[in-house]
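Source file: data_8.txt (compact mmCIF, C-alpha atoms)
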```txt
# COMPACT_ATOMS: atom_id res chain seq x y z
CA LEU E 1 -15.52 21.29 -28.01
CA PHE E 2 -13.40 19.73 -30.82
CA ARG E 3 -11.55 21.97 -33.24
CA SER E 4 -11.37 19.41 -36.08
CA LEU E 5 -12.54 16.00 -37.15
CA ALA E 6 -9.02 14.62 -36.64
CA GLU E 7 -9.05 15.80 -33.04
CA TYR E 8 -12.40 14.07 -32.52
CA HIS E 9 -10.89 10.74 -33.60
CA GLN E 10 -7.77 10.95 -31.41
CA MET E 11 -7.30 8.50 -28.60
CA TYR E 12 -5.08 9.32 -25.65
CA LEU E 13 -3.22 6.50 -23.94
CA GLY E 14 -1.76 6.72 -20.49
CA THR E 15 -0.75 3.73 -18.44
CA GLU E 16 -2.41 1.33 -20.93
CA ARG E 17 0.73 1.57 -23.09
CA ILE E 18 2.76 0.18 -20.22
CA ARG E 19 0.23 -2.21 -18.70
CA ALA E 20 -0.57 -4.18 -21.87
CA PRO E 21 2.96 -5.64 -22.28
CA GLU E 22 3.26 -6.07 -18.49
CA ILE E 23 0.52 -8.72 -18.66
CA ILE E 24 3.13 -11.06 -20.18
CA PHE E 25 5.08 -10.82 -16.93
CA GLN E 26 2.14 -10.39 -14.52
CA PRO E 27 -1.03 -12.10 -15.82
CA SER E 28 -2.65 -11.36 -12.45
CA LEU E 29 -3.15 -7.76 -13.67
CA ILE E 30 -6.10 -9.06 -15.69
CA GLY E 31 -7.21 -11.63 -13.14
CA GLU E 32 -5.45 -14.65 -14.63
CA GLU E 33 -4.03 -17.13 -12.14
CA GLN E 34 -1.08 -18.31 -14.18
CA ALA E 35 2.64 -17.78 -14.20
CA GLY E 36 4.21 -14.93 -16.11
CA ILE E 37 7.04 -15.41 -18.55
CA ALA E 38 9.78 -14.97 -15.92
CA GLU E 39 8.24 -17.58 -13.58
CA THR E 40 7.80 -19.92 -16.55
CA MET E 41 11.46 -19.51 -17.53
CA GLN E 42 12.50 -20.24 -13.95
CA TYR E 43 10.21 -23.28 -13.79
CA ILE E 44 11.67 -24.69 -17.00
CA LEU E 45 15.26 -24.06 -15.92
CA ASP E 46 14.63 -25.71 -12.52
CA ARG E 47 13.72 -28.94 -14.31
CA TYR E 48 17.33 -29.30 -15.52
CA PRO E 49 20.65 -29.81 -13.72
CA LYS E 50 22.75 -26.67 -13.09
CA ASP E 51 25.29 -27.41 -15.85
CA LEU E 52 22.52 -27.83 -18.43
CA GLN E 53 20.80 -24.66 -17.16
CA ASP E 54 23.99 -22.73 -17.91
CA GLU E 55 23.94 -24.11 -21.44
CA LEU E 56 20.24 -23.36 -21.98
CA VAL E 57 20.48 -19.70 -20.95
CA GLN E 58 23.19 -19.13 -23.56
CA ASN E 59 20.50 -19.31 -26.26
CA VAL E 60 17.30 -17.62 -25.08
CA PHE E 61 15.48 -16.91 -28.34
CA LEU E 62 12.61 -14.41 -28.54
CA THR E 63 10.12 -14.73 -31.38
CA GLY E 64 6.47 -13.92 -32.05
CA GLY E 65 4.63 -10.62 -32.29
CA ASN E 66 4.88 -9.85 -28.56
CA VAL E 67 8.67 -9.50 -28.71
CA MET E 68 8.17 -6.34 -30.77
CA TYR E 69 7.10 -4.40 -27.69
CA PRO E 70 9.75 -1.76 -27.02
CA GLY E 71 12.12 -2.83 -24.25
CA LEU E 72 10.94 -6.46 -24.07
CA LYS E 73 14.41 -7.87 -24.74
CA LEU E 74 15.88 -5.68 -21.98
CA ARG E 75 13.15 -6.80 -19.58
CA ILE E 76 13.85 -10.48 -20.31
CA GLN E 77 17.55 -9.80 -19.71
CA LYS E 78 16.70 -8.09 -16.40
CA GLU E 79 14.53 -11.02 -15.31
CA LEU E 80 17.27 -13.51 -16.21
CA LEU E 81 19.85 -11.44 -14.36
CA GLU E 82 17.67 -11.59 -11.22
CA MET E 83 17.06 -15.35 -11.39
CA ARG E 84 20.52 -16.57 -12.40
CA PRO E 85 23.44 -17.02 -9.98
CA PHE E 86 25.75 -14.05 -9.40
CA LYS E 87 28.20 -13.43 -12.28
CA SER E 88 26.65 -16.12 -14.48
CA SER E 89 26.26 -15.35 -18.17
CA PHE E 90 23.33 -15.67 -20.55
CA GLN E 91 22.51 -14.62 -24.09
CA VAL E 92 19.14 -13.29 -25.28
CA ASN E 93 18.60 -13.14 -29.05
CA MET E 94 15.68 -11.76 -31.02
CA ALA E 95 14.32 -13.22 -34.23
CA SER E 96 15.07 -11.20 -37.32
CA SER E 97 11.41 -11.39 -38.34
CA PRO E 98 9.53 -12.10 -35.08
CA ILE E 99 6.06 -12.28 -36.59
CA LEU E 100 6.89 -14.69 -39.43
CA ASP E 101 9.74 -16.76 -37.96
CA THR E 102 7.40 -19.15 -36.13
CA TRP E 103 5.48 -19.75 -39.35
CA TYR E 104 8.72 -20.32 -41.27
CA GLY E 105 9.89 -22.77 -38.62
CA ALA E 106 6.63 -24.74 -38.78
CA ARG E 107 6.80 -24.73 -42.58
CA ASP E 108 10.38 -26.00 -42.59
CA TRP E 109 9.49 -28.73 -40.07
CA ALA E 110 6.48 -29.79 -42.15
CA LEU E 111 8.55 -29.96 -45.33
CA SER E 112 11.26 -32.05 -43.67
CA HIS E 113 8.78 -34.48 -42.03
CA MET E 114 6.29 -34.98 -44.90
CA ASP E 115 6.90 -38.72 -45.20
CA GLU E 116 6.60 -39.49 -41.48
CA GLU E 117 3.44 -40.57 -39.68
CA GLU E 118 4.21 -38.92 -36.34
CA GLY E 119 3.30 -35.28 -35.96
CA TRP E 120 0.42 -35.29 -38.41
CA ILE E 121 -3.31 -35.83 -38.19
CA THR E 122 -5.66 -36.31 -41.09
CA ARG E 123 -8.53 -34.01 -41.94
CA ARG E 124 -10.82 -36.97 -41.28
CA ASP E 125 -9.42 -37.42 -37.74
CA TYR E 126 -9.82 -33.72 -37.09
CA ASP E 127 -13.42 -33.69 -38.35
CA GLU E 128 -14.23 -36.82 -36.36
CA LYS E 129 -12.47 -35.99 -33.06
CA GLY E 130 -12.54 -32.19 -33.09
CA GLY E 131 -9.96 -29.56 -32.21
CA GLN E 132 -9.53 -30.88 -28.66
CA TYR E 133 -7.85 -33.95 -30.17
CA LEU E 134 -4.88 -31.74 -31.00
CA ALA E 135 -4.26 -31.20 -27.28
CA GLU E 136 -3.93 -34.97 -26.83
CA HIS E 137 -1.97 -35.62 -30.02
CA SER E 138 1.72 -36.53 -29.88
CA ALA E 139 2.68 -33.37 -31.79
CA SER E 140 0.97 -31.16 -29.22
CA ASN E 141 2.64 -29.24 -26.42
CA VAL E 142 2.39 -31.00 -23.09
CA TYR E 143 0.44 -29.02 -20.48
CA VAL E 144 2.20 -28.89 -17.13
CA PRO E 145 0.32 -27.00 -14.40
CA ILE E 146 2.45 -24.55 -12.44
CA ALA E 147 1.49 -23.70 -8.89
CA ILE E 148 1.63 -19.97 -8.26
CA PRO E 149 2.30 -19.05 -4.65
CA LYS E 150 -0.33 -16.77 -3.15
CA LEU E 151 1.03 -13.59 -1.61
CA VAL E 152 -0.09 -12.84 1.92
CA PRO E 153 0.80 -9.76 3.94
CA ARG E 154 3.64 -10.33 6.36
CA PRO E 155 3.53 -7.98 9.32
CA MET E 156 6.84 -6.36 9.99
CA THR E 157 7.42 -4.47 13.20
CA VAL E 158 10.19 -1.94 13.39
CA THR E 159 10.91 -0.09 16.58
CA SER E 160 12.88 3.09 16.40
CA THR E 161 13.94 5.14 19.38
CA GLU E 162 15.13 8.70 18.97
CA SER E 163 16.93 10.32 21.81
CA SER E 164 16.71 13.99 22.45
CA ALA E 165 17.05 16.00 25.56
CA ALA E 166 13.33 16.09 26.35
CA ASN E 167 11.58 13.22 24.56
CA LYS E 168 11.86 9.67 23.34
CA ALA E 169 9.62 8.35 20.59
CA THR E 170 8.90 4.74 19.67
CA VAL E 171 7.41 4.11 16.25
CA THR E 172 5.87 0.77 15.28
CA TYR E 173 4.39 0.13 11.87
CA THR E 174 3.27 -2.80 9.73
CA SER E 175 4.57 -2.88 6.19
CA GLY E 176 2.78 -4.18 3.14
CA ILE E 177 5.60 -6.57 2.23
CA SER E 178 4.29 -9.95 1.13
CA ASP E 179 5.78 -13.40 1.26
CA PRO E 180 4.66 -16.41 -0.75
CA ILE E 181 2.96 -19.08 1.31
```
As structure tokens, the full file:
Amino acid sequence: LFRSLAEYHQMYLGTERIRAPEIIFQPSLIGEEQAGIAETMQYILDRYPKDLQDELVQNVFLTGGNVMYPGLKLRIQKELLEMRPFKSSFQVNMASSPILDTWYGARDWALSHMDEEEGWITRRDYDEKGGQYLAEHSASNVYVPIAIPKLVPRPMTVTSTESSAANKATVTYTSGISDPI
């Protein structure tokens, strides 16, 4: 069956290579009911006036291990192109060291805010209140729920009539196009 031990330990990947990064854009592929990165970007931009949106999209910064997927920067650019007004500009930049840049940023922030009270909790507070306290702490990210529209099939009827000398045909079909409700 196998010609060598190396062949026995090989793993063949098909669509998994493509589907794993796609989860960032479509969490519904794994059953998660949450917005993907493009919907989240649109949601954030919609919270600002148009002139500030134009300023924000001039510095879209990608960092973290996930940005190392091949083609991720191009996909983010494509998503921005689709959501921004016609002929508007935007700039997408990648971190020079995507995996470590977030750690370096947190380290630099911690070093520059060592003498301040805000943004820190003590070990005692953590032991007493638990990890959930971090979600309520002032240094935490604020959770804002995003409603995801459910897609429902929209019937579309198209009637086509072909004329020939002997027959006329009418074709009606229902497409699988969906609209958000």
Interatomic distance, CA of Ile24 (chain E) to CA of Ile37 (chain E) (Å, one decimal): 6.1 Å
Residue among E:Ile76, E:Val92, E:Ala6, E:Leu111 lying closest to Glu22 (chain E), counting all atoms listed in the file: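 Checking each candidate against Glu22 (chain E), we get E:Ile76 as the closest.
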Nearby residues (all atoms listed in the file) at most 12 Å from Leu62 (chain E), same-chain spacing under 5 positions excluded, as JSON, numbers by chain: {"E": [37, 67, 68, 69, 72, 73, 74, 75, 76, 77, 91, 92, 93, 94, 95, 96, 97, 98, 99, 101, 102]}
d(CA of Ile121 (chain E), CA of Tyr133 (chain E)) in Å: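 These two atoms are separated by 9.4 Å.
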For CA of Pro21 (chain E) and CA of Lys87 (chain E), the interatomic separation in Å (one decimal):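 Separating CA of Pro21 (chain E) from CA of Lys87 (chain E) is a distance of 28.2 Å.
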Nearest to Lys78 (chain E) by atom-to-atom distance, counting all atoms listed in the file, from E:Arg107, E:Glu7, E:Phe90, E:Ala35: E:Phe90
